[in-house]
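The file input-v3.cif contains mmCIF, C-alpha atoms:
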data_entry
#
loop_
_atom_site.label_atom_id
_atom_site.label_comp_id
_atom_site.auth_asym_id
_atom_site.auth_seq_id
_atom_site.Cartn_x
_atom_site.Cartn_y
_atom_site.Cartn_z
CA MET A 1 32.05 5.85 -43.70
CA ALA A 2 31.47 6.77 -40.06
CA ASN A 3 33.11 10.17 -40.66
CA HIS A 4 30.73 10.83 -43.56
CA ILE A 5 27.74 10.03 -41.37
CA ASP A 6 29.05 12.37 -38.67
CA VAL A 7 29.43 15.16 -41.24
CA ILE A 8 25.88 14.64 -42.50
CA THR A 9 24.58 14.64 -38.92
CA ASN A 10 26.43 17.87 -38.14
CA ILE A 11 24.98 19.52 -41.25
CA MET A 12 21.47 18.39 -40.28
CA ASN A 13 21.99 19.77 -36.76
CA VAL A 14 22.52 23.20 -38.34
CA ILE A 15 19.94 23.08 -41.14
CA VAL A 16 16.95 21.16 -39.75
CA PRO A 17 15.97 23.41 -36.75
CA PRO A 18 15.62 26.68 -38.74
CA LEU A 19 14.04 24.78 -41.65
CA MET A 20 11.42 23.29 -39.35
CA LEU A 21 10.73 26.73 -37.88
CA ILE A 22 10.09 28.14 -41.36
CA VAL A 23 7.82 25.22 -42.25
CA LEU A 24 5.94 25.65 -38.95
CA LEU A 25 5.37 29.35 -39.59
CA LEU A 26 3.95 28.55 -43.03
CA VAL A 27 1.87 25.51 -42.09
CA TYR A 28 0.61 26.34 -38.60
CA PRO A 29 -2.05 28.90 -39.64
CA LEU A 30 -3.53 26.33 -42.05
CA TYR A 31 -3.35 23.70 -39.32
CA LEU A 32 -5.32 25.95 -36.94
CA ILE A 33 -8.01 26.46 -39.59
CA TYR A 34 -8.22 22.69 -40.09
CA LYS A 35 -8.49 22.13 -36.32
CA PHE A 36 -11.29 24.68 -36.05
CA ILE A 37 -13.29 23.16 -38.91
CA ASN A 38 -12.70 19.68 -37.51
CA PHE A 39 -13.91 20.77 -34.06
CA ILE A 40 -17.11 22.30 -35.46
CA THR A 41 -17.75 19.13 -37.49
CA ARG A 42 -17.30 16.91 -34.45
CA LEU A 43 -19.47 19.21 -32.38
CA LEU A 44 -22.32 18.89 -34.86
CA THR A 45 -21.93 15.14 -35.35
CA SER A 46 -21.49 13.95 -31.74
CA GLU A 47 -22.13 10.21 -31.44
CA ASN A 48 -25.46 9.00 -30.12
CA VAL A 49 -24.63 6.08 -27.80
CA ALA A 50 -28.22 5.08 -27.01
CA GLY A 51 -28.38 1.29 -27.17
CA LYS A 52 -24.64 0.94 -27.71
CA VAL A 53 -22.45 -1.17 -25.43
CA VAL A 54 -19.89 0.53 -23.18
CA LEU A 55 -17.42 -1.33 -20.95
CA VAL A 56 -16.04 0.67 -18.02
CA THR A 57 -13.22 -0.62 -15.81
CA GLY A 58 -12.81 0.80 -12.32
CA ALA A 59 -16.53 1.51 -12.24
CA ALA A 60 -17.18 1.07 -8.52
CA ALA A 61 -16.21 4.59 -7.43
CA GLY A 62 -14.90 8.00 -8.40
CA ILE A 63 -14.38 8.91 -12.03
CA GLY A 64 -15.30 5.47 -13.32
CA GLU A 65 -18.59 5.57 -11.44
CA GLN A 66 -19.44 9.01 -12.79
CA ILE A 67 -18.51 7.99 -16.34
CA SER A 68 -20.92 5.07 -16.00
CA TYR A 69 -23.72 7.40 -14.85
CA GLU A 70 -23.16 9.76 -17.77
CA TYR A 71 -23.31 6.92 -20.29
CA ALA A 72 -26.46 5.69 -18.55
CA ARG A 73 -28.06 9.13 -18.96
CA ARG A 74 -27.35 8.74 -22.67
CA ARG A 75 -29.13 5.35 -22.53
CA ALA A 76 -26.08 3.21 -23.32
CA ARG A 77 -25.96 -0.43 -22.27
CA LEU A 78 -23.16 -0.96 -19.75
CA VAL A 79 -20.59 -3.51 -18.61
CA LEU A 80 -19.24 -2.44 -15.21
CA VAL A 81 -15.91 -3.95 -14.13
CA ASP A 82 -14.09 -3.55 -10.84
CA VAL A 83 -11.91 -5.60 -8.53
CA ARG A 84 -14.23 -4.63 -5.67
CA GLY A 85 -17.24 -6.53 -6.92
CA ASP A 86 -19.17 -5.99 -3.70
CA HIS A 87 -19.21 -2.23 -4.45
CA LEU A 88 -20.72 -2.63 -7.90
CA GLY A 89 -24.27 -3.45 -6.78
CA ARG A 90 -25.01 0.14 -5.76
CA VAL A 91 -23.60 1.47 -9.04
CA VAL A 92 -25.67 -1.01 -11.07
CA GLU A 93 -28.87 0.17 -9.37
CA ASN A 94 -28.00 3.82 -9.98
CA VAL A 95 -27.09 3.17 -13.60
CA ARG A 96 -30.49 1.59 -14.20
CA SER A 97 -32.26 4.50 -12.52
CA PHE A 98 -30.37 6.94 -14.76
CA GLY A 99 -31.74 5.24 -17.87
CA SER A 100 -29.46 2.42 -18.98
CA PRO A 101 -31.65 -0.28 -20.59
CA ASP A 102 -29.28 -3.12 -19.66
CA VAL A 103 -26.25 -3.48 -17.40
CA ILE A 104 -24.04 -6.30 -16.13
CA ALA A 105 -21.38 -6.23 -13.41
CA ILE A 106 -18.15 -8.25 -13.52
CA THR A 107 -15.60 -8.67 -10.76
CA ALA A 108 -12.10 -8.66 -12.22
CA ASP A 109 -8.53 -7.60 -11.49
CA VAL A 110 -7.16 -5.80 -14.56
CA SER A 111 -3.58 -6.67 -13.60
CA LYS A 112 -4.38 -10.29 -14.55
CA GLU A 113 -4.51 -11.00 -18.27
CA GLU A 114 -7.01 -13.83 -17.86
CA ASP A 115 -9.40 -11.51 -16.01
CA CYS A 116 -9.21 -8.95 -18.83
CA LYS A 117 -9.98 -11.60 -21.42
CA LYS A 118 -12.86 -12.79 -19.23
CA PHE A 119 -14.64 -9.45 -18.93
CA VAL A 120 -14.36 -8.77 -22.67
CA ASP A 121 -15.63 -12.28 -23.47
CA GLU A 122 -18.54 -11.93 -21.02
CA ALA A 123 -19.48 -8.56 -22.50
CA ILE A 124 -19.59 -10.05 -26.00
CA LYS A 125 -21.47 -13.12 -24.79
CA HIS A 126 -24.18 -10.96 -23.18
CA PHE A 127 -24.45 -8.09 -25.67
CA HIS A 128 -22.87 -9.56 -28.85
CA ARG A 129 -21.01 -6.31 -29.54
CA LEU A 130 -18.74 -3.68 -27.99
CA ASP A 131 -18.76 0.01 -28.92
CA HIS A 132 -16.75 1.86 -26.26
CA LEU A 133 -13.98 0.58 -24.00
CA VAL A 134 -13.25 2.91 -21.07
CA ASN A 135 -9.90 2.01 -19.49
CA ASN A 136 -10.33 3.80 -16.18
CA ALA A 137 -8.99 1.31 -13.61
CA GLY A 138 -5.73 2.24 -11.95
CA LEU A 139 -4.11 3.01 -8.61
CA ALA A 140 -1.63 5.38 -6.99
CA ARG A 141 1.33 5.15 -4.70
CA VAL A 142 2.55 8.45 -3.22
CA LYS A 143 6.04 8.64 -1.77
CA LEU A 144 9.40 10.25 -2.39
CA PHE A 145 11.61 7.90 -4.41
CA GLU A 146 14.35 7.93 -1.77
CA GLU A 147 11.84 6.96 0.93
CA ILE A 148 10.68 3.78 -0.84
CA GLN A 149 11.37 0.68 1.23
CA ASN A 150 9.42 -1.93 -0.71
CA PHE A 151 9.35 -1.86 -4.51
CA SER A 152 6.76 -4.64 -4.81
CA ASP A 153 3.84 -2.23 -4.42
CA PHE A 154 5.22 -0.06 -7.20
CA SER A 155 5.71 -3.07 -9.44
CA TYR A 156 2.05 -3.87 -8.88
CA LEU A 157 1.16 -0.26 -9.72
CA LEU A 158 2.75 -0.70 -13.15
CA ASP A 159 0.92 -4.02 -13.58
CA VAL A 160 -2.41 -2.29 -13.02
CA ASN A 161 -1.83 1.10 -14.65
CA LEU A 162 -0.01 -0.10 -17.76
CA TRP A 163 -0.47 -3.82 -18.36
CA GLY A 164 -4.00 -3.75 -16.98
CA VAL A 165 -4.93 -1.27 -19.67
CA ALA A 166 -2.99 -2.98 -22.46
CA TYR A 167 -4.57 -6.40 -21.76
CA GLY A 168 -8.14 -5.14 -21.98
CA THR A 169 -7.37 -3.14 -25.12
CA TYR A 170 -5.77 -6.14 -26.81
CA TYR A 171 -8.81 -8.37 -26.32
CA ALA A 172 -11.31 -5.61 -27.14
CA ILE A 173 -9.78 -4.38 -30.42
CA PRO A 174 -11.20 -7.14 -32.68
CA HIS A 175 -14.72 -6.33 -31.45
CA LEU A 176 -14.22 -2.56 -31.61
CA ARG A 177 -13.09 -2.87 -35.25
CA LYS A 178 -16.45 -4.42 -36.15
CA THR A 179 -18.39 -1.48 -34.70
CA LYS A 180 -15.80 1.23 -35.50
CA GLY A 181 -15.85 1.87 -31.77
CA LYS A 182 -13.81 3.96 -29.41
CA ILE A 183 -11.19 3.48 -26.70
CA ILE A 184 -11.12 5.97 -23.83
CA VAL A 185 -8.01 5.75 -21.67
CA MET A 186 -7.56 7.43 -18.31
CA ALA A 187 -4.04 8.82 -18.31
CA SER A 188 -3.17 11.91 -16.26
CA SER A 189 -1.68 15.37 -16.55
CA VAL A 190 1.23 14.04 -14.48
CA GLY A 191 2.02 11.84 -17.48
CA TRP A 192 3.69 14.93 -18.91
CA TYR A 193 4.02 17.17 -15.82
CA PRO A 194 6.69 16.11 -13.27
CA PHE A 195 4.60 16.30 -10.11
CA PRO A 196 6.75 15.35 -7.05
CA ARG A 197 6.10 12.22 -4.92
CA PHE A 198 4.36 10.43 -7.82
CA SER A 199 7.43 9.19 -9.70
CA PHE A 200 6.21 5.68 -10.58
CA TYR A 201 2.62 6.83 -11.08
CA ASN A 202 3.84 9.61 -13.38
CA ALA A 203 5.91 7.08 -15.32
CA SER A 204 2.96 4.71 -15.72
CA LYS A 205 0.73 7.49 -17.05
CA ALA A 206 3.44 8.78 -19.39
CA ALA A 207 3.72 5.25 -20.76
CA LEU A 208 -0.05 5.18 -21.34
CA ILE A 209 0.01 8.43 -23.30
CA THR A 210 2.84 7.26 -25.56
CA PHE A 211 1.34 3.78 -25.93
CA TYR A 212 -2.04 5.06 -27.11
CA GLU A 213 -0.59 7.76 -29.36
CA THR A 214 1.41 5.02 -31.04
CA LEU A 215 -1.59 2.68 -31.17
CA ARG A 216 -3.68 5.43 -32.76
CA THR A 217 -1.13 5.59 -35.57
CA GLU A 218 -0.96 1.81 -35.95
CA ILE A 219 -4.68 1.09 -36.15
CA GLY A 220 -5.82 4.32 -37.81
CA ASN A 221 -8.31 6.75 -36.34
CA SER A 222 -10.88 5.84 -39.03
CA ASN A 223 -11.11 2.30 -37.63
CA ILE A 224 -11.12 2.90 -33.87
CA GLY A 225 -11.19 6.31 -32.22
CA ILE A 226 -8.88 6.82 -29.24
CA THR A 227 -9.48 9.50 -26.61
CA ILE A 228 -6.65 10.09 -24.14
CA VAL A 229 -7.83 11.73 -20.91
CA THR A 230 -5.31 13.77 -18.90
CA PRO A 231 -7.19 15.27 -15.95
CA GLY A 232 -5.80 17.35 -13.14
CA LEU A 233 -6.64 16.77 -9.48
CA VAL A 234 -10.06 15.24 -8.86
CA LYS A 235 -11.98 15.26 -5.57
CA SER A 236 -12.24 11.76 -4.12
CA ALA A 237 -11.81 9.69 -0.98
CA LEU A 238 -8.06 9.43 -1.54
CA SER A 239 -7.48 13.10 -2.29
CA GLN A 240 -9.65 14.19 0.65
CA ASN A 241 -8.01 12.20 3.46
CA GLU A 242 -5.92 14.17 5.95
CA PRO A 243 -2.38 13.31 4.72
CA ALA A 244 -3.36 13.94 1.11
CA LYS A 245 -5.08 17.20 1.97
CA ALA A 246 -1.95 18.34 3.79
CA ALA A 247 0.10 17.85 0.62
CA LEU A 248 -2.47 18.65 -2.08
CA GLY A 249 -5.38 20.37 -0.36
CA TRP A 250 -4.56 23.89 -1.53
CA ILE A 251 -4.61 22.88 -5.22
CA PRO A 252 -7.99 23.42 -6.95
CA MET A 253 -9.75 20.11 -7.59
CA VAL A 254 -12.56 19.31 -10.00
CA SER A 255 -15.43 17.05 -8.95
CA ALA A 256 -15.51 13.48 -10.23
CA GLU A 257 -19.00 14.13 -11.63
CA LYS A 258 -17.88 17.09 -13.74
CA CYS A 259 -14.82 15.18 -14.89
CA GLY A 260 -16.93 12.17 -15.88
CA LYS A 261 -19.33 14.32 -17.91
CA ALA A 262 -16.46 16.03 -19.74
CA ILE A 263 -14.86 12.67 -20.57
CA VAL A 264 -18.03 11.16 -22.05
CA LYS A 265 -18.83 14.34 -23.94
CA GLY A 266 -15.32 14.42 -25.42
CA ALA A 267 -15.38 10.72 -26.30
CA CYS A 268 -18.74 10.98 -28.09
CA ARG A 269 -17.46 14.03 -29.94
CA GLY A 270 -14.40 12.08 -31.05
CA ASP A 271 -11.84 14.24 -29.28
CA LYS A 272 -8.31 12.85 -29.36
CA TYR A 273 -7.54 14.42 -25.98
CA VAL A 274 -9.67 15.50 -23.03
CA VAL A 275 -8.21 17.73 -20.31
CA GLU A 276 -10.37 18.54 -17.29
CA PRO A 277 -10.17 21.16 -15.92
CA SER A 278 -8.97 22.89 -19.09
CA TRP A 279 -6.64 25.28 -17.24
CA VAL A 280 -4.27 22.33 -16.72
CA ASN A 281 -3.28 22.76 -20.38
CA SER A 282 -1.37 25.90 -19.41
CA LEU A 283 0.98 23.78 -17.30
CA TYR A 284 1.99 21.85 -20.42
CA ALA A 285 2.98 25.05 -22.21
CA LEU A 286 4.88 26.17 -19.11
CA LYS A 287 6.69 22.84 -18.86
CA VAL A 288 7.74 22.91 -22.53
CA MET A 289 8.83 26.55 -22.58
CA CYS A 290 10.26 26.93 -19.05
CA PRO A 291 11.29 23.49 -17.72
CA ASP A 292 13.82 24.94 -15.27
CA LEU A 293 11.16 27.21 -13.79
CA VAL A 294 8.76 24.27 -13.40
CA GLU A 295 11.42 22.25 -11.62
CA PHE A 296 12.24 25.13 -9.26
CA CYS A 297 8.59 25.83 -8.43
CA ASN A 298 7.78 22.14 -7.86
CA ARG A 299 10.71 21.73 -5.53
CA PHE A 300 9.93 24.92 -3.63
CA LEU A 301 6.19 24.24 -3.27
CA PHE A 302 6.16 20.49 -2.68
CA ILE A 303 9.60 19.56 -1.30
CA THR A 304 11.53 22.40 0.36
CA SER A 305 8.55 24.17 1.94
CA GLU A 306 7.19 20.91 3.40
CA LYS A 307 10.30 19.59 5.12
CA THR A 308 8.98 20.63 8.50
CA ALA A 309 5.47 19.21 7.92
CA PRO A 310 4.08 15.74 7.21
CA HIS A 311 4.09 15.37 3.45
CA THR A 312 3.69 11.73 2.50
CA PHE A 313 1.00 9.18 2.86
CA ASN A 314 1.72 5.52 2.57
CA ALA A 315 0.43 3.27 -0.15
CA PRO A 316 -2.69 1.29 0.71
CA PRO A 317 -2.18 -2.46 0.98
CA LYS A 318 -2.77 -4.63 -2.05
CA SER A 319 -5.98 -5.87 -0.52
CA PHE A 320 -7.41 -2.41 -1.22
CA ILE A 321 -7.04 -1.44 -4.83
CA PRO A 322 -8.48 2.00 -5.63
CA THR A 323 -10.00 1.95 -9.10
CA GLU A 324 -8.61 5.29 -10.09
CA LEU A 325 -6.15 7.83 -8.81
CA LYS A 326 -8.13 10.59 -7.23
CA SER A 327 -5.36 12.97 -7.89
CA ASP A 328 -6.38 12.69 -11.53
#

Output the structure of this file as structure tokens.
Amino acid sequence: MANHIDVITNIMNVIVPPLMLIVLLLVYPLYLIYKFINFITRLLTSENVAGKVVLVTGAAAGIGEQISYEYARRRARLVLVDVRGDHLGRVVENVRSFGSPDVIAITADVSKEEDCKKFVDEAIKHFHRLDHLVNNAGLARVKLFEEIQNFSDFSYLLDVNLWGVAYGTYYAIPHLRKTKGKIIVMASSVGWYPFPRFSFYNASKAALITFYETLRTEIGNSNIGITIVTPGLVKSALSQNEPAKAALGWIPMVSAEKCGKAIVKGACRGDKYVVEPSWVNSLYALKVMCPDLVEFCNRFLFITSEKTAPHTFNAPPKSFIPTELKSD
């Protein structure tokens, strides 16, 4: 029996690749036409979020803050969540000045399941509905794998970047079903591009991409829309400090404000993916078609050429939890 299975597998190894190529050549032009029509339709029917309820995690700074401002400009009602509750007051005031008719702030640590349940429950208690969930909270640890001395910080990174997103999504889904709402998740281009010194961060973002692509299939896009955001480098306090600038400073960075606007625009349009800046998409094609070249260039640019210069910056202590990676 095992021999028969091996024979079938060997036959499939020969037949399936050329067969799929033929099917792709026949179907792909029709697929492109469908994508174009779908894009035009979404462009003309972009969602009006005025009066709708949007929950944003990691809202105290950076991308999360700018996302909150953009929703406020569109007159959405907002629930702002961050572990640094003392930083939310300024954002709340700005959100109101930008036009949000109602806003509440909640201090919570997304790595704790009970906190995630709490901020969803408080949002429903105050607004009685939920339309958009923006999973923006996350943090970064930057270090070569061989230089790691304490794995506890990286375990916490996975708690925040993966479980912290899954918890909030789990408790929000029943409410989002009622409004046919949307989930916006902040992944990263390094979820599919092997950027050096970010091994655990890359892994956490890759997990997010796969998790939400699977979830999109499970729940159906007609029930809850899911927008996966994979930005490149974003200007922020973390990406602009001296050690970070030494390692990343020569790479073009987009502003958090521009990134936030692109994310909200894409989410309201119903995009399945948002990449900002858009040129980052070319790296995906390069990685798929020339993986050996990508590996060589990454090692040459970020490892070999920096051996004589400072190239790492240590993780911040757990007492300071940045609400988004500013290398996104």

>> Take the PyMOL selection byres ((chain A and resi 132-134) around 7), run it mentally on this structure, and tell me the resulting residues as a list in words.
In response: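 Output from the PyMOL selection byres ((chain A and resi 132-134) around 7), applied to this file: Val53, Val54, Leu55, Val56, Thr57, Leu130, Asp131, Asn135, Asn136, Gly181, Lys182, Ile183, Ile184 and Val185 of chain A.
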
> So which residues get picked by the PyMOL selection byres ((chain A and resi 70-79) around 6) here, written as a ChimeraX atom specification?
Replying inline: /A:49-55,67-69,80,95,98-105,261

> Please, what distance in Å, to one decimal, runs between CA of Cys290 (chain A) and CA of Gly232 (chain A)?
Replying inline: 19.6 Å

>> Just the number, please: distance in Å from CA of Ala140 (chain A) to CA of Val83 (chain A), one decimal.
In response: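 Result for CA of Ala140 (chain A) versus CA of Val83 (chain A): 15.1 Å, one decimal.
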
>> Just checking: using all atoms listed in the file, which residue out of A:Ala61, A:Asp159, A:Ala108, A:Glu47 ends up closest to Gly270 (chain A)?
In response: A:Glu47

> From the list A:Ser155, A:Thr169, A:Ser97, A:Thr41, which residue is nearest Phe211 (chain A) when using only C-alpha atoms?
Replying inline: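 Closest candidate: A:Thr169.
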
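Here CA of Glu257 (chain A) stands at a distance of 23.6 Å from CA of Tyr193 (chain A).
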
>> For a quick check of understanding, using only C-alpha atoms, which of A:Leu286, A:Pro29, A:Pro194, A:Met186 has the smallest distance to Ile263 (chain A)?
In response: A:Met186

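Using all atoms listed in the file, the nearest neighbour of Ser204 (chain A) within the list A:Val27, A:Leu32, A:Ala187, A:Ile5 is A:Ala187.
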
>> As a check of understanding, name the residues that the PyMOL selection byres ((chain A and resi 164) around 10) selects in the supplied structure, as a list in words.
In response: Thr57, Asp109, Val110, Ser111, Lys112, Glu113, Asp115, Cys116, Asn135, Asn136, Ala137, Gly138, Leu157, Leu158, Asp159, Val160, Asn161, Leu162, Trp163, Val165, Ala166, Tyr167, Gly168 and Thr169 of chain A

Missing atoms of region 33-52 of chain A rebuilt to N, CA, C and O atoms, written as a short mmCIF file (atom, residue, chain, number, x, y, z; two decimals), in the frame of the given file:
data_model
loop_
_atom_site.label_atom_id
_atom_site.label_comp_id
_atom_site.auth_asym_id
_atom_site.auth_seq_id
_atom_site.Cartn_x
_atom_site.Cartn_y
_atom_site.Cartn_z
N ILE A 33 -6.72 26.41 -38.87
CA ILE A 33 -8.01 26.46 -39.59
C ILE A 33 -8.60 25.06 -39.69
O ILE A 33 -9.81 24.85 -39.46
N TYR A 34 -7.76 24.08 -40.01
CA TYR A 34 -8.22 22.69 -40.09
C TYR A 34 -8.77 22.22 -38.74
O TYR A 34 -9.83 21.58 -38.67
N LYS A 35 -8.06 22.54 -37.65
CA LYS A 35 -8.49 22.13 -36.32
C LYS A 35 -9.84 22.75 -35.97
O LYS A 35 -10.69 22.10 -35.36
N PHE A 36 -10.04 24.00 -36.34
CA PHE A 36 -11.29 24.68 -36.05
C PHE A 36 -12.45 24.03 -36.81
O PHE A 36 -13.51 23.76 -36.23
N ILE A 37 -12.24 23.79 -38.10
CA ILE A 37 -13.29 23.16 -38.91
C ILE A 37 -13.59 21.76 -38.39
O ILE A 37 -14.75 21.35 -38.29
N ASN A 38 -12.54 21.03 -38.03
CA ASN A 38 -12.70 19.68 -37.51
C ASN A 38 -13.47 19.68 -36.20
O ASN A 38 -14.33 18.83 -35.96
N PHE A 39 -13.21 20.67 -35.34
CA PHE A 39 -13.91 20.77 -34.06
C PHE A 39 -15.40 21.04 -34.28
O PHE A 39 -16.26 20.43 -33.64
N ILE A 40 -15.71 21.97 -35.17
CA ILE A 40 -17.11 22.30 -35.46
C ILE A 40 -17.84 21.08 -36.02
O ILE A 40 -18.98 20.78 -35.64
N THR A 41 -17.16 20.34 -36.90
CA THR A 41 -17.75 19.13 -37.49
C THR A 41 -18.06 18.11 -36.43
O THR A 41 -19.15 17.51 -36.40
N ARG A 42 -17.10 17.89 -35.52
CA ARG A 42 -17.30 16.91 -34.45
C ARG A 42 -18.39 17.36 -33.49
O ARG A 42 -19.14 16.54 -32.95
N LEU A 43 -18.46 18.66 -33.28
CA LEU A 43 -19.47 19.21 -32.38
C LEU A 43 -20.87 18.96 -32.92
O LEU A 43 -21.81 18.67 -32.17
N LEU A 44 -21.02 19.05 -34.23
CA LEU A 44 -22.32 18.89 -34.86
C LEU A 44 -22.68 17.42 -35.11
O LEU A 44 -23.85 17.10 -35.36
N THR A 45 -21.68 16.55 -35.05
CA THR A 45 -21.93 15.14 -35.35
C THR A 45 -21.58 14.24 -34.16
O THR A 45 -21.09 13.13 -34.34
N SER A 46 -21.79 14.72 -32.94
CA SER A 46 -21.49 13.95 -31.74
C SER A 46 -22.25 12.62 -31.75
O SER A 46 -23.42 12.55 -32.14
N GLU A 47 -21.57 11.56 -31.36
CA GLU A 47 -22.13 10.21 -31.44
C GLU A 47 -23.29 10.02 -30.46
O GLU A 47 -23.23 10.41 -29.30
N ASN A 48 -24.33 9.41 -30.96
CA ASN A 48 -25.46 9.00 -30.12
C ASN A 48 -25.20 7.57 -29.64
O ASN A 48 -25.18 6.64 -30.43
N VAL A 49 -25.00 7.40 -28.33
CA VAL A 49 -24.63 6.08 -27.80
C VAL A 49 -25.82 5.31 -27.26
O VAL A 49 -25.65 4.25 -26.65
N ALA A 50 -27.01 5.79 -27.48
CA ALA A 50 -28.22 5.08 -27.01
C ALA A 50 -28.25 3.67 -27.61
O ALA A 50 -28.16 3.51 -28.82
N GLY A 51 -28.34 2.67 -26.74
CA GLY A 51 -28.38 1.29 -27.17
C GLY A 51 -27.02 0.67 -27.44
O GLY A 51 -26.93 -0.55 -27.63
N LYS A 52 -25.98 1.47 -27.47
CA LYS A 52 -24.64 0.94 -27.71
C LYS A 52 -24.06 0.37 -26.42
O LYS A 52 -24.54 0.65 -25.33
#
